Amino acid sequence: MGVASYLVAATPPRLAVGGITIAIPVLAVDQGVGVAVGGLLASAALGPSIVAAPIAGAMLDRSRRPGALVAGAGLVIAAAYAFAAFLGPMPAWAVAIALIAAGTVTPFVFGGLSSFVTEGIPDERRAYAIDALAYNLGAVAGPAVVAAAAALGSARIATIVMAASALAGAVGTVPLRLHPAAASPHDRPSFLGTIAAGFRHIATHRPLAVITWSGTLSQFGSGGLAIAAVALSVARSGDAGEGAIIVTSFAIGGLVGALWNSRRPPRRSPEWVMGWGFAATGLCTVVAAFDLGPAWAIAAIGASGLFTAPSAAAMLLIRKQQSPPALRSQVFTVGAGLRAAAAAAGAAIAGLAAGVGAETLIIAIGVVWIASGAMLLAYPKHAPAIDGSVDP
């Protein structure tokens with residue numbers, strides 16, 4: 001496994017998942033079933049991953065062929081999205097079942113695949129910088145590809161393109177040749193025991209608990225940004241469309257930061273990078289609340305995105321270093337599931353709190369990011385890695 005082969009395997013499914021949440025609502029509107037149904041279907045594609053995360057992680061930790069599980073998950077996602085493309089001729093309830101199936105296996109290609117990245121990229125810092133890049137590429141390219149496909153063809157074609165992307169990821173997984181966990185089958189507890197051990201380790205191992213809750217809290221801010229950006233645009237210019245530009249600037253900033261981080265990963269301790277990265281994102285977000293011209297908020301939020309990839313890569317590195325090999329995939333999938341749930345909750349809370357004022361909402365989101373960074377002050381100093389690695 002090299003950098004190119006990992007990106008070929010990891011980016012397409014993340015692109016597909018990032019794009020489907022836009023493609024499905026647009027398709028629902030095109031087919032006359034309504035935006036509300038489209039929103040519910042998009043939730044069906046993501047919601048189950050929260051519940052399925054510990055199960056997926058335990059399966060990967062116990063499997064002798066984890067690569068087959070990741071590839072199989074990509075095939076399920078591809079088939080579900082292809083089926084969903086025929087919303088209209090196919091009833092919404094049938095499409096919902098297909099998307100729920102896709103959401104159930106999504107943890108395999110998100111946190112699950114992340115837990116194997118160091119197998120072929122020996123430098124751990126660079127490995128997780130590359131993984132963060134794959135996430136950012138998917139987050140930016142997914143919506144962009146959907147927008148282009150919908151504009152040039154239709155929302156149905158856009159959805160099929162997302163299915164094809166998931167299929168490409170499944171095929172790209174095969175050459176990775178992922179290796180099973182180090183533990184012997186005779187040394188492992190039962191399946192439920194493995195899940196219980198994973199939750200216990202996340203909750204009681206202090207270094208991991210600190211970065212898990214910090215990473216989860218940060219996503220409340222990330223999830224609420226789109227709502228706050230729209231509210232800010234309406235308050236200042238009366239044009240809700242400018243909110244999309246602000247959110248896009250955050251995504252572009254994240255991608256630029258990921259590209260830079262993949263070339264020059266910081267050599268400071270990962271807990272320092274994670275804490276200060278979250279705090280810097282929050283400070284730039286707070287600065288965006290000041291009304292210093294039409295381009296100010298776009299520039300400030302774009303700058304805030306620059307720090308997200310280095311801090312995310314540092315978080316992934318700590319997850320790996322503070323997890324025993326037999327529980328690593330579960331730690332990654334549960335962490336990813338908690339962050340997804342927090343992002344969804346952040347969006348909901350921001351929507352309910354929109355009446356407090358756009359600037360106040362932006363500042364609150366920035367404070368959440370700063371608070372998540374401050375939580376790293378509780379990280380134990382000089383905590384040794386427990387996975388047997390030595391951080392250079």
# chains A, B, ... in the order shown; residues from 1 in each chain; ligands from 1
$ residues_around --residues "Gly275 of chain A" --least-positions-apart "4" --cutoff "10 Å" --atoms "only C-alpha atoms" --output "PyMOL selection string"
chain A and resi 211+214-215+270-271+279-280+311+314-315+369-377+379
$ closest_residue --among "A:Ala295, A:Ala350, A:Val70, A:Ala343" --to "Pro175 of chain A" --atoms "only C-alpha atoms"
A:Val70
$ residues_around --residues "Ile363 of chain A" --least-positions-apart "6" --cutoff "12 Å" --atoms "only C-alpha atoms" --output "PyMOL selection string"
chain A and resi 221+224-225+228-229+232+281-290+297+301+350+356-357+369-370
$ closest_atom_pairs --of "segment 251-356 of chain A" --to "segment 140-149 of chain A" --cutoff "8 Å" --atoms "only C-alpha atoms" --output "CSV"
residue,atom,partner,partner_atom,distance
A:Ala251,CA,A:Val140,CA,6.0
A:Ile252,CA,A:Val140,CA,7.1
A:Leu255,CA,A:Val140,CA,7.4
$ select_by_dssp --residues "segment 70-215 of chain A" --states "alpha helix (DSSP H)" --output "MDAnalysis selection string"
chainID A and resid 70:84 92:107 113:114 124:152 155:173 191:204 206:215
